[in-house]
Each structure stands twice: as structure tokens, then as C-alpha cells.
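Colleague: structure.cif (mmCIF, C-alpha atoms) pasted underneath:
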data_run
loop_
_atom_site.label_atom_id
_atom_site.label_comp_id
_atom_site.auth_asym_id
_atom_site.auth_seq_id
_atom_site.Cartn_x
_atom_site.Cartn_y
_atom_site.Cartn_z
CA MET A 1 -20.78 -2.83 54.68
CA GLY A 2 -17.06 -3.56 54.64
CA GLU A 3 -14.20 -1.10 54.59
CA LEU A 4 -13.80 0.89 51.34
CA ARG A 5 -10.29 1.46 49.97
CA LEU A 6 -8.53 2.44 46.76
CA MET A 7 -6.10 -0.39 46.04
CA LYS A 8 -4.06 -2.11 43.37
CA GLY A 9 -5.19 -5.59 42.43
CA ASN A 10 -2.06 -7.12 43.93
CA GLU A 11 -2.60 -5.20 47.16
CA ALA A 12 -6.21 -6.38 47.30
CA VAL A 13 -5.01 -10.00 47.04
CA ALA A 14 -2.60 -9.48 49.92
CA GLU A 15 -5.09 -7.71 52.20
CA ALA A 16 -7.74 -10.31 51.42
CA ALA A 17 -5.34 -13.08 52.43
CA ILE A 18 -4.85 -11.47 55.84
CA ARG A 19 -8.59 -10.93 56.30
CA ALA A 20 -9.44 -14.47 55.15
CA GLY A 21 -7.49 -15.87 58.10
CA CYS A 22 -4.49 -17.07 56.11
CA ASP A 23 -1.84 -18.71 58.30
CA GLY A 24 1.15 -18.37 56.01
CA TYR A 25 2.34 -16.81 52.76
CA PHE A 26 5.46 -18.18 51.07
CA GLY A 27 6.62 -16.55 47.86
CA TYR A 28 9.37 -15.07 45.75
CA PRO A 29 9.40 -11.68 44.00
CA ILE A 30 8.76 -11.49 40.27
CA THR A 31 7.23 -8.73 38.15
CA PRO A 32 4.31 -7.95 37.85
CA GLN A 33 3.15 -9.49 41.15
CA SER A 34 5.83 -8.39 43.59
CA GLU A 35 3.42 -5.98 45.31
CA VAL A 36 1.65 -8.95 46.89
CA MET A 37 4.67 -9.79 49.01
CA GLU A 38 5.73 -6.16 49.41
CA TYR A 39 2.30 -5.24 50.81
CA LEU A 40 2.36 -8.19 53.21
CA MET A 41 5.86 -7.34 54.43
CA ALA A 42 4.91 -3.70 54.99
CA GLU A 43 1.59 -4.55 56.64
CA LYS A 44 3.22 -6.91 59.18
CA PRO A 45 0.27 -9.30 59.43
CA TYR A 46 2.01 -11.27 62.17
CA GLU A 47 1.23 -8.36 64.46
CA ARG A 48 -2.39 -8.25 63.26
CA THR A 49 -3.35 -11.91 63.12
CA GLY A 50 -0.25 -14.04 63.65
CA MET A 51 0.08 -14.75 59.92
CA VAL A 52 3.58 -15.73 58.79
CA VAL A 53 5.06 -14.07 55.66
CA LEU A 54 8.29 -15.53 54.30
CA GLN A 55 10.33 -14.86 51.18
CA ALA A 56 11.63 -18.23 50.05
CA GLU A 57 14.90 -18.66 48.16
CA SER A 58 13.02 -19.62 44.98
CA GLU A 59 9.61 -20.45 43.58
CA THR A 60 10.47 -24.14 43.93
CA ALA A 61 11.12 -23.64 47.63
CA SER A 62 7.93 -21.64 48.13
CA ILE A 63 5.64 -24.28 46.63
CA ASN A 64 7.23 -26.95 48.84
CA MET A 65 6.77 -24.73 51.89
CA LEU A 66 3.13 -24.56 50.83
CA TYR A 67 3.05 -28.37 50.76
CA GLY A 68 4.38 -28.54 54.32
CA GLY A 69 2.01 -25.91 55.67
CA ALA A 70 -1.02 -27.38 53.93
CA GLY A 71 -0.08 -30.82 55.23
CA THR A 72 -0.67 -29.56 58.79
CA GLY A 73 -4.11 -28.22 57.87
CA LYS A 74 -3.03 -24.58 57.77
CA MET A 75 -4.40 -21.98 55.33
CA VAL A 76 -1.43 -21.19 53.09
CA MET A 77 -0.94 -19.17 49.93
CA THR A 78 1.67 -18.22 47.36
CA SER A 79 1.74 -15.89 44.40
CA SER A 80 3.96 -15.55 41.37
CA SER A 81 3.95 -14.76 37.67
CA SER A 82 4.20 -17.05 34.66
CA PRO A 83 7.86 -18.29 34.74
CA GLY A 84 7.63 -18.65 38.52
CA ILE A 85 4.42 -20.67 38.25
CA SER A 86 6.19 -22.91 35.73
CA LEU A 87 8.81 -23.68 38.38
CA MET A 88 6.02 -24.64 40.80
CA GLN A 89 4.36 -27.21 38.55
CA GLU A 90 5.94 -30.29 40.09
CA GLY A 91 4.95 -29.15 43.57
CA ILE A 92 1.42 -28.31 42.46
CA SER A 93 1.05 -31.83 41.06
CA TYR A 94 2.32 -33.26 44.36
CA MET A 95 -0.24 -31.19 46.27
CA ALA A 96 -3.07 -32.26 43.99
CA GLY A 97 -2.02 -35.90 44.40
CA ALA A 98 -1.79 -35.57 48.18
CA GLU A 99 -5.12 -33.67 48.27
CA LEU A 100 -3.73 -30.61 50.01
CA PRO A 101 -5.63 -27.30 50.07
CA ALA A 102 -3.82 -24.10 49.13
CA VAL A 103 -4.30 -20.89 47.15
CA ILE A 104 -1.95 -20.10 44.26
CA VAL A 105 -2.14 -16.70 42.56
CA ASN A 106 -0.74 -16.26 39.03
CA ILE A 107 -0.44 -12.64 37.87
CA THR A 108 0.31 -13.59 34.30
CA ARG A 109 2.86 -11.94 32.02
CA GLY A 110 3.79 -12.48 28.38
CA GLY A 111 5.90 -15.42 27.23
CA PRO A 112 7.08 -17.95 26.23
CA GLY A 113 10.33 -17.96 28.14
CA LEU A 114 11.11 -14.90 30.22
CA GLY A 115 9.05 -12.95 27.70
CA THR A 116 7.96 -9.57 28.97
CA ILE A 117 6.62 -8.07 32.18
CA GLN A 118 3.42 -6.85 30.50
CA PRO A 119 0.04 -8.63 30.92
CA SER A 120 -0.98 -11.75 29.04
CA GLN A 121 -3.51 -14.58 29.19
CA ALA A 122 -1.21 -17.21 27.73
CA ASP A 123 -1.17 -19.37 30.89
CA TYR A 124 -4.71 -20.65 30.32
CA PHE A 125 -3.61 -24.11 29.19
CA GLN A 126 -1.12 -24.43 32.03
CA ALA A 127 -3.71 -23.52 34.65
CA VAL A 128 -6.78 -25.28 33.29
CA LYS A 129 -5.35 -28.44 31.76
CA GLY A 130 -2.97 -29.27 34.60
CA GLY A 131 0.48 -27.89 33.86
CA GLY A 132 2.33 -30.50 35.88
CA HIS A 133 2.44 -34.28 35.46
CA GLY A 134 -0.43 -36.68 35.98
CA ASP A 135 -4.19 -36.53 35.63
CA TYR A 136 -5.07 -33.66 37.92
CA LYS A 137 -7.04 -30.42 37.81
CA MET A 138 -7.25 -27.30 39.92
CA LEU A 139 -10.25 -25.12 40.44
CA VAL A 140 -9.28 -21.95 38.54
CA LEU A 141 -10.87 -18.53 39.15
CA ALA A 142 -10.47 -15.65 36.67
CA PRO A 143 -11.16 -12.22 38.25
CA SER A 144 -11.84 -9.26 35.96
CA SER A 145 -11.70 -6.47 38.56
CA VAL A 146 -9.77 -5.46 41.66
CA GLN A 147 -12.92 -6.21 43.68
CA GLU A 148 -12.90 -9.78 42.41
CA MET A 149 -9.18 -10.05 43.14
CA CYS A 150 -10.18 -9.49 46.77
CA ASP A 151 -13.33 -11.61 46.81
CA HIS A 152 -11.77 -14.55 44.98
CA VAL A 153 -9.11 -15.01 47.67
CA LYS A 154 -11.75 -15.80 50.29
CA LEU A 155 -13.66 -17.97 47.82
CA ALA A 156 -10.47 -19.79 46.84
CA PHE A 157 -9.65 -20.67 50.45
CA ASP A 158 -13.21 -21.87 51.05
CA LYS A 159 -13.14 -24.15 48.00
CA ALA A 160 -9.58 -25.35 48.60
CA PHE A 161 -10.62 -26.79 51.97
CA GLU A 162 -14.02 -27.98 50.79
CA TYR A 163 -12.43 -30.10 48.06
CA ARG A 164 -8.92 -30.53 49.53
CA THR A 165 -7.25 -29.22 46.42
CA PRO A 166 -5.03 -26.39 45.25
CA VAL A 167 -7.06 -23.50 43.84
CA MET A 168 -5.56 -21.02 41.39
CA ILE A 169 -6.52 -17.39 40.90
CA LEU A 170 -5.49 -16.63 37.32
CA SER A 171 -5.18 -12.91 36.69
CA ASP A 172 -2.74 -10.71 34.76
CA GLY A 173 -0.33 -7.82 35.14
CA ALA A 174 -2.86 -5.15 34.21
CA ILE A 175 -5.46 -6.13 36.82
CA GLY A 176 -2.67 -6.70 39.32
CA GLN A 177 -1.36 -3.16 38.80
CA MET A 178 -4.56 -1.18 38.20
CA MET A 179 -6.19 0.74 41.05
CA GLU A 180 -9.91 0.62 41.81
CA LYS A 181 -12.23 1.03 44.76
CA VAL A 182 -12.55 -2.16 46.78
CA VAL A 183 -15.00 -3.10 49.51
CA LEU A 184 -12.97 -5.26 51.88
CA PHE A 185 -14.71 -8.00 53.84
CA ASP A 186 -14.42 -8.04 57.61
CA GLN A 187 -11.56 -9.85 59.31
CA ILE A 188 -12.06 -13.60 59.74
CA PRO A 189 -10.13 -14.87 62.77
CA ARG A 190 -7.40 -17.40 62.14
CA ARG A 191 -8.38 -20.85 63.32
CA THR A 192 -6.97 -22.13 66.59
CA ASP A 193 -4.93 -25.35 66.63
CA GLU A 194 -7.94 -27.08 68.16
CA GLU A 195 -10.17 -25.87 65.32
CA VAL A 196 -7.63 -27.03 62.70
CA ILE A 197 -7.51 -30.51 64.26
CA LYS A 198 -11.32 -30.68 64.32
CA GLN A 199 -11.84 -29.34 60.79
CA CYS A 200 -8.93 -31.23 59.17
CA PRO A 201 -8.92 -34.78 60.58
CA TRP A 202 -6.71 -35.83 57.64
CA ALA A 203 -3.88 -33.41 58.51
CA SER A 204 -0.54 -34.11 60.16
CA THR A 205 -1.19 -32.47 63.52
CA GLY A 206 0.26 -35.01 65.93
CA ARG A 207 -1.10 -38.50 66.52
CA PRO A 208 -3.42 -39.12 69.47
CA LYS A 209 -3.88 -42.67 70.72
CA THR A 210 -7.37 -42.75 69.24
CA ARG A 211 -6.27 -43.06 65.59
CA ASN A 212 -3.53 -44.23 63.25
CA HIS A 213 -0.92 -41.98 61.70
CA ASN A 214 -2.04 -39.44 59.11
CA ILE A 215 0.38 -39.85 56.22
CA ILE A 216 0.60 -36.97 53.72
CA THR A 217 1.96 -38.27 50.42
CA SER A 218 1.25 -38.48 46.71
CA LEU A 219 3.29 -41.67 46.32
CA ASP A 220 1.72 -45.11 45.89
CA LEU A 221 3.99 -47.70 44.28
CA ASP A 222 1.14 -50.20 43.93
CA PRO A 223 -0.56 -49.68 40.54
CA ALA A 224 -3.96 -50.64 41.89
CA GLY A 225 -3.55 -48.26 44.79
CA GLN A 226 -2.47 -45.42 42.50
CA GLU A 227 -5.44 -46.11 40.25
CA ARG A 228 -7.75 -45.78 43.26
CA VAL A 229 -6.15 -42.43 44.04
CA ASN A 230 -6.76 -41.27 40.49
CA LEU A 231 -10.36 -42.48 40.46
CA LYS A 232 -10.98 -40.58 43.69
CA LEU A 233 -9.50 -37.41 42.20
CA GLN A 234 -11.52 -37.74 39.00
CA ALA A 235 -14.73 -38.14 41.01
CA LYS A 236 -13.84 -34.95 42.90
CA TYR A 237 -13.28 -33.04 39.66
CA LYS A 238 -16.64 -34.25 38.35
CA LEU A 239 -18.25 -32.94 41.52
CA MET A 240 -16.60 -29.57 40.92
CA GLU A 241 -17.96 -29.54 37.37
CA LYS A 242 -21.44 -30.17 38.74
CA ASN A 243 -21.41 -27.66 41.61
CA GLU A 244 -18.79 -24.96 41.12
CA VAL A 245 -19.41 -23.36 37.71
CA LEU A 246 -19.39 -19.54 37.79
CA TYR A 247 -20.03 -17.22 34.85
CA GLU A 248 -21.59 -13.91 33.85
CA GLU A 249 -23.88 -13.06 30.93
CA ILE A 250 -24.14 -9.46 29.72
CA GLN A 251 -26.86 -8.47 27.23
CA CYS A 252 -27.13 -11.99 25.83
CA GLU A 253 -30.93 -12.13 25.73
CA ASP A 254 -31.35 -10.48 22.31
CA ALA A 255 -27.84 -10.98 20.97
CA ASP A 256 -27.18 -11.95 17.36
CA TYR A 257 -23.47 -12.32 18.05
CA LEU A 258 -21.43 -13.20 21.11
CA PHE A 259 -18.11 -12.28 22.69
CA VAL A 260 -16.62 -14.93 24.96
CA ALA A 261 -13.78 -13.64 27.13
CA PHE A 262 -12.36 -13.92 30.65
CA GLY A 263 -10.46 -11.60 32.95
CA LEU A 264 -9.03 -8.44 31.40
CA SER A 265 -10.29 -9.34 27.93
CA ALA A 266 -13.83 -9.46 29.29
CA ARG A 267 -13.49 -5.88 30.54
CA ILE A 268 -12.38 -4.79 27.09
CA CYS A 269 -15.27 -6.66 25.52
CA GLN A 270 -17.76 -4.85 27.77
CA LYS A 271 -16.75 -1.56 26.13
CA ALA A 272 -16.62 -3.23 22.71
CA LEU A 273 -20.16 -4.45 23.31
CA ASP A 274 -21.34 -0.85 23.86
CA LEU A 275 -19.53 0.33 20.72
CA ALA A 276 -21.01 -2.47 18.63
CA ARG A 277 -24.55 -1.89 19.85
CA ALA A 278 -24.17 1.82 19.09
CA LYS A 279 -23.54 0.71 15.49
CA GLY A 280 -26.66 -1.45 15.51
CA ILE A 281 -24.86 -4.76 16.05
CA LYS A 282 -26.60 -6.81 18.72
CA VAL A 283 -23.77 -8.52 20.56
CA GLY A 284 -23.63 -10.06 24.02
CA LEU A 285 -20.79 -11.06 26.33
CA PHE A 286 -20.33 -14.40 28.05
CA ARG A 287 -17.65 -14.29 30.76
CA PRO A 288 -16.42 -17.53 32.34
CA ILE A 289 -15.43 -16.84 35.95
CA THR A 290 -14.35 -20.40 36.67
CA LEU A 291 -12.00 -21.58 33.92
CA PHE A 292 -12.04 -24.99 35.51
CA PRO A 293 -14.73 -26.08 35.79
CA PHE A 294 -15.47 -24.45 32.44
CA PRO A 295 -19.13 -23.38 31.99
CA ALA A 296 -19.58 -25.66 29.00
CA ILE A 297 -23.35 -26.17 29.20
CA GLU A 298 -24.01 -22.50 29.87
CA VAL A 299 -21.89 -21.16 27.00
CA SER A 300 -23.47 -23.76 24.72
CA ASN A 301 -26.97 -22.61 25.65
CA VAL A 302 -26.11 -19.03 24.72
CA GLY A 303 -23.78 -19.82 21.84
CA ASN A 304 -26.24 -21.95 19.94
CA ARG A 305 -28.73 -19.05 19.84
CA VAL A 306 -26.42 -16.66 17.96
CA LYS A 307 -25.03 -16.36 14.43
CA GLY A 308 -21.38 -16.25 15.42
CA ILE A 309 -18.95 -16.13 18.34
CA LEU A 310 -15.72 -14.18 18.73
CA VAL A 311 -13.46 -15.51 21.46
CA VAL A 312 -11.20 -12.69 22.66
CA GLU A 313 -8.02 -13.63 24.52
CA MET A 314 -4.56 -12.15 24.99
CA ASN A 315 -2.90 -15.24 23.55
CA ALA A 316 -2.76 -17.31 20.37
CA GLY A 317 -6.07 -19.02 21.07
CA GLN A 318 -6.44 -21.26 24.10
CA MET A 319 -9.87 -20.93 25.71
CA ILE A 320 -11.35 -21.06 22.20
CA GLU A 321 -10.72 -24.82 22.23
CA ASP A 322 -13.07 -25.21 25.21
CA VAL A 323 -15.63 -22.91 23.57
CA LYS A 324 -15.59 -24.99 20.39
CA LEU A 325 -15.88 -28.24 22.33
CA SER A 326 -18.83 -26.80 24.25
CA VAL A 327 -20.78 -25.14 21.42
CA GLY A 328 -20.01 -27.53 18.57
CA CYS A 329 -19.67 -26.82 14.88
CA LYS A 330 -23.10 -25.35 14.04
CA VAL A 331 -22.02 -21.81 14.91
CA LYS A 332 -19.09 -19.91 13.43
CA ILE A 333 -16.42 -19.43 16.12
CA GLU A 334 -13.31 -17.32 15.57
CA HIS A 335 -10.48 -16.08 17.77
CA TYR A 336 -9.03 -12.61 18.18
CA GLY A 337 -5.94 -12.13 20.29
CA ARG A 338 -2.88 -9.96 20.86
CA PHE A 339 0.50 -11.13 22.11
CA GLY A 340 3.56 -10.04 24.04
CA GLY A 341 1.79 -7.87 26.56
CA ILE A 342 -0.22 -5.82 24.04
CA ILE A 343 -3.74 -5.16 25.26
CA PRO A 344 -6.34 -5.00 22.46
CA SER A 345 -8.54 -1.92 22.28
CA PRO A 346 -12.37 -2.11 22.20
CA ASP A 347 -12.28 -0.70 18.65
CA GLU A 348 -9.99 -3.52 17.56
CA VAL A 349 -12.38 -6.07 19.03
CA VAL A 350 -15.38 -4.55 17.23
CA ASN A 351 -13.41 -4.49 13.97
CA ALA A 352 -12.48 -8.15 14.46
CA LEU A 353 -16.14 -9.00 15.02
CA GLU A 354 -17.11 -7.24 11.81
CA GLN A 355 -14.30 -8.73 9.74
CA GLN A 356 -14.05 -12.27 11.11
CA ILE A 357 -17.66 -13.03 12.08
CA ILE A 358 -20.14 -10.72 10.40
CA GLY A 359 -18.33 -10.00 7.15
CA GLY A 360 -16.01 -12.96 7.11
CA LYS A 361 -16.52 -16.03 4.98
CA SER A 362 -17.79 -19.23 6.57
#
Mind converting the file's structure to C-alpha cells?
Modeller:
Amino acid sequence: MGELRLMKGNEAVAEAAIRAGCDGYFGYPITPQSEVMEYLMAEKPYERTGMVVLQAESETASINMLYGGAGTGKMVMTSSSSPGISLMQEGISYMAGAELPAVIVNITRGGPGLGTIQPSQADYFQAVKGGGHGDYKMLVLAPSSVQEMCDHVKLAFDKAFEYRTPVMILSDGAIGQMMEKVVLFDQIPRRTDEEVIKQCPWASTGRPKTRNHNIITSLDLDPAGQERVNLKLQAKYKLMEKNEVLYEEIQCEDADYLFVAFGLSARICQKALDLARAKGIKVGLFRPITLFPFPAIEVSNVGNRVKGILVVEMNAGQMIEDVKLSVGCKVKIEHYGRFGGIIPSPDEVVNALEQQIIGGKS
């Protein structure tokens, strides 16, 4: 049994990074995720584990520091919120192209533009479809609790190194700021330089006489060479789709209708589910935990057994496109969302189900 604490979601991310054996955090303050860096600065992890914490001069600088750290095989992480993540997109694409492992945390806020500092889920497309240039993907995790904010950091580091890819934790300002009980996992020692060299033979760690230079780059001016890079990446993403799908089903066995939601919206739908069933409406909840890879087969298996699906998101309708592609056109699928940092209530979600799915016209 790990240590039990009452923590904010952002604090849980920071503590989990220390305990996961992270070597370096490079970031820049922006609401509503600034507590990640503030917690790390106050905790002084260098004295605990040797972990470096550095405030960069900008989000652009921090993502390039991540590139450098990851290129040496180190476990590195950054966090930001929507506009800051936008500034990182070029660097994220470089890291994906160079196959560098890192963890990127997006505590999403409302947009577009500077928008608001309240929570949103409008960064789904940016995270899941590859917000930068080129044909790349990231493994994207969507926690719905402070406990998962903690657990997903360790998982993200594990998968980042397994697949040599950036991994994003996509959360929002509400989960980042809310306080819940968290069971913290035990400290994992940081790897020694010898362990890094052994575990990351691809990294830039100094060239012994026994091998050629390790070159960390995403540049290949030969079209055939760049195509080979892309084919290798696409094969890796297919492997992720096969092996890394995570999801949760709640009361789907006898459901006539289905909520599909991730993150904070899924928490709201859990209460909406109880309210609907109290009214005699048999509804279930399907929660994708990995947004890429999206649980397409799994949501299709459930979705094609029900009369209608309401996709609940705090945006104009983004994940609904993946739901429709997965389930097809035999089932009625509608979207309900709020914007600008407004969090829908469970009653609103039940009313939307009744109006748009049950009582709505096909």
C-alpha cells in the first residue's frame, strides 16, 4: 500500500514525476497548470532524487530542452496549458520524428486564442490528430480523477520509452485544480548513467569505439529515406493501436442508450447515468482512457447494441467524429457540449439525452 495524501491533480502529477524517477522537468508557468512547477520548485526534488527542475524562458524553449534531454536517454517531462501546448507543436513533431521519449502534460483551458483559464476539452483534435506538421501520432492518456493524474505519469513514462515516442496526458483545469485522496506509488530510483546507456542504445551518451555515432535528428533530405522513417513510424502507431487501448465500461450490459465521454465529462456522465436510471432510462457509460489509440472496436461493440449514443464533451464536438467512424451510421449519435470553461451539469446531460436521443427525431 502506497502513501495516502490529499492532493490537487496538478500536485499529483508533480509528485508522480519525482517518484517515477524523472530526470528533468522543463516548463513555463501558465494557468491552470502552474501548480505543477510550483510544487516541484517547493519540493526541491534535486535534494530527494537528483531531478532537475528548470523554468525555461518560454514554452518553445522548454520543448527544445525536452528534445535535448530525451536525446541523451533521460526521463524528461513538461507541462503546460492549451496556448502553451500550441507553441510546443513544432518541437513535439521534431521529437516524434526523431523517436524521442518524453511526457507532455496538457491541463486544458478554454479557447480559441487566449480564451479563458477555465477547463475545456477543446484540445482533443490537437492532441489526437497530431497538432504539429507531418504524419505523426502521440499516445494520449485522458485521466478522469486525481488518482489517474498520478498513475498516468508512471504509465506515460513506461510507454514513452517502450515505443520511443512523446506521450501526452490530456487533462483539464478542473481535474488539475480539484483535490482528492491519492495513493502514491513508491519511489522508483532514477537510473544511473550506466543503466541509461544499457537501456537506451540509440541515445547520444558518448561514442565508445565499439559502435558508430548515434545521431539524433528528424531530418532526412532524401525522399526515400524520409519515406522509410514515416513507414517505421506508421508501423509503430499500428502496434500501439493493437496493444495499448484502454477504456472503461460502466453499466453497459443492459443499456438501451449510451454516454461516451472522456476525462471530466465522464465523471459528470457517471452522475447523469445514476439520474437517468432513477427515471427508468437504462443508460451506460463508455469512457475512452486512451484517446490515441482510440478504442474503436470496443466502442463499436457496445454502441451497436444500443438505440442511441450521446457523446458528451466540453467542446463543439471533436471526439464524436471518432465515435461515428467507429460505430457507423446504424445508430443515432448526437453531441452535447458546453464551451468557454462552462462545465455541464448531470441534469443538463440527462435532459440532452432525453431531447436529442430518446425524444429527438432521427
Colleague: Give me, please, the distance in Å between CA of Gly113 (chain A) and CA of Pro83 (chain A), quoted to one decimal.
Modeller: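 So the answer is 7.1 Å.
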Colleague: Between A:Glu11, A:Glu354, A:Glu249, A:Glu313, which has the minimum distance to Ile175 (chain A) (counting all atoms listed in the file)?
Modeller: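 Checking each candidate against Ile175 (chain A), we get A:Glu11 as the closest.
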Colleague: State, in Å with one decimal place, the distance from CA of Lys44 (chain A) to CA of Glu15 (chain A).
Modeller: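 Calculated distance between CA of Lys44 (chain A) and CA of Glu15 (chain A) is 10.9 Å.
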Colleague: If we count only C-alpha atoms, what is near Ser58 (chain A) at a cut-off of 10 Å, once residues fewer than 4 positions away on the same chain are taken out, given as a PDB file with C-alpha atoms, in the coordinates of the input?
Modeller:
ATOM      1  CA  PHE A  26       5.460 -18.180  51.070  1.00  0.00           C
ATOM      2  CA  GLY A  27       6.620 -16.550  47.860  1.00  0.00           C
ATOM      3  CA  TYR A  28       9.370 -15.070  45.750  1.00  0.00           C
ATOM      4  CA  PRO A  29       9.400 -11.680  44.000  1.00  0.00           C
ATOM      5  CA  SER A  62       7.930 -21.640  48.130  1.00  0.00           C
ATOM      6  CA  ILE A  63       5.640 -24.280  46.630  1.00  0.00           C
ATOM      7  CA  GLY A  84       7.630 -18.650  38.520  1.00  0.00           C
ATOM      8  CA  LEU A  87       8.810 -23.680  38.380  1.00  0.00           C
ATOM      9  CA  MET A  88       6.020 -24.640  40.800  1.00  0.00           C
TER      10      MET A  88
END
Colleague: Taking into account all atoms listed in the file, which residue in the set A:Arg190, A:Ile92, A:Gly97, A:Asp222 is nearest to Pro45 (chain A)?
Modeller: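 Smallest separation from Pro45 (chain A) among the options: A:Arg190.
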Colleague: Between A:Arg164, A:Lys181, A:Lys159, A:Lys238, single out the one closest to Lys8 (chain A), counting only C-alpha atoms.
Modeller: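 Distance minimum relative to Lys8 (chain A) lands on A:Lys181.
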Colleague: Determine the residue membership of the PyMOL selection byres ((chain A and resi 335) around 9) for the file above and supply it as a PyMOL selection string.
Modeller: chain A and resi 309-313+316-317+320+333-334+336-337+352+356
Colleague: Restricting the calculation to all atoms listed in the file: of A:Ala102, A:Val306, A:Ile197, A:Met319, which residue gets closest to Phe125 (chain A)?
Modeller: A:Met319
Colleague: For CA of Gly50 (chain A) and CA of Ala70 (chain A), quote the distance in Å rounded to one decimal.
Modeller: 16.5 Å
Colleague: Closest to Ile107 (chain A) among A:Leu264, A:Leu221, A:Leu4, A:Met65, using all atoms listed in the file?
Modeller: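 When distances to Ile107 (chain A) are compared using all atoms listed in the file, the smallest one comes from A:Leu264.
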Colleague: Pull out every residue that the PyMOL selection byres ((chain A and resi 288-295) around 8) matches in the shown coordinates and put them as a PyMOL selection string.
Modeller: chain A and resi 128+137-143+240-241+244-248+260-263+286-287+296-299+322
Colleague: Pro112 (chain A): which residues within 12 Å, counting all atoms listed in the file, same-chain residues fewer than 4 positions away excluded, as a list in words?
Modeller: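 My list of contacting residues is Ser82, Pro83, Ser86, Thr108, Thr116, Ile117, Ser120, Gln121, Ala122, Asp123, Gln126, Asn315, Ala316, Phe339, Gly340 and Gly341 of chain A.
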Colleague: With a distance cut-off of 8 Å and all atoms listed in the file, select the neighbouring residues of Tyr39 (chain A), excluding the residue or stretch itself and same-chain residues fewer than 2 positions from it, and output the selection as a list in words.
Modeller: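 The residues that qualify are Glu11, Ala14, Glu15, Glu35, Val36, Met37, Met41, Ala42 and Glu43 of chain A.
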Colleague: Go ahead and save the picked residues with C-alpha atoms, as a PDB file, keeping the file's coordinate frame.
Modeller:
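Result went into out.pdb, see below:
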ATOM      1  CA  GLU A  11      -2.600  -5.200  47.160  1.00  0.00           C
ATOM      2  CA  ALA A  14      -2.600  -9.480  49.920  1.00  0.00           C
ATOM      3  CA  GLU A  15      -5.090  -7.710  52.200  1.00  0.00           C
ATOM      4  CA  GLU A  35       3.420  -5.980  45.310  1.00  0.00           C
ATOM      5  CA  VAL A  36       1.650  -8.950  46.890  1.00  0.00           C
ATOM      6  CA  MET A  37       4.670  -9.790  49.010  1.00  0.00           C
ATOM      7  CA  MET A  41       5.860  -7.340  54.430  1.00  0.00           C
ATOM      8  CA  ALA A  42       4.910  -3.700  54.990  1.00  0.00           C
ATOM      9  CA  GLU A  43       1.590  -4.550  56.640  1.00  0.00           C
TER      10      GLU A  43
END
Colleague: When you count only C-alpha atoms, which of these residues is closest to Ile30 (chain A): A:Pro346, A:Gly173, A:Gly73, A:Gly206?
Modeller: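 Of A:Pro346, A:Gly173, A:Gly73, A:Gly206, the one nearest Ile30 (chain A) is A:Gly173, counting only C-alpha atoms.
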Colleague: With the file shown as input, list the residues that the PyMOL selection byres ((chain A and resi 272) around 9) selects, as a count of residues only.
Modeller: 16
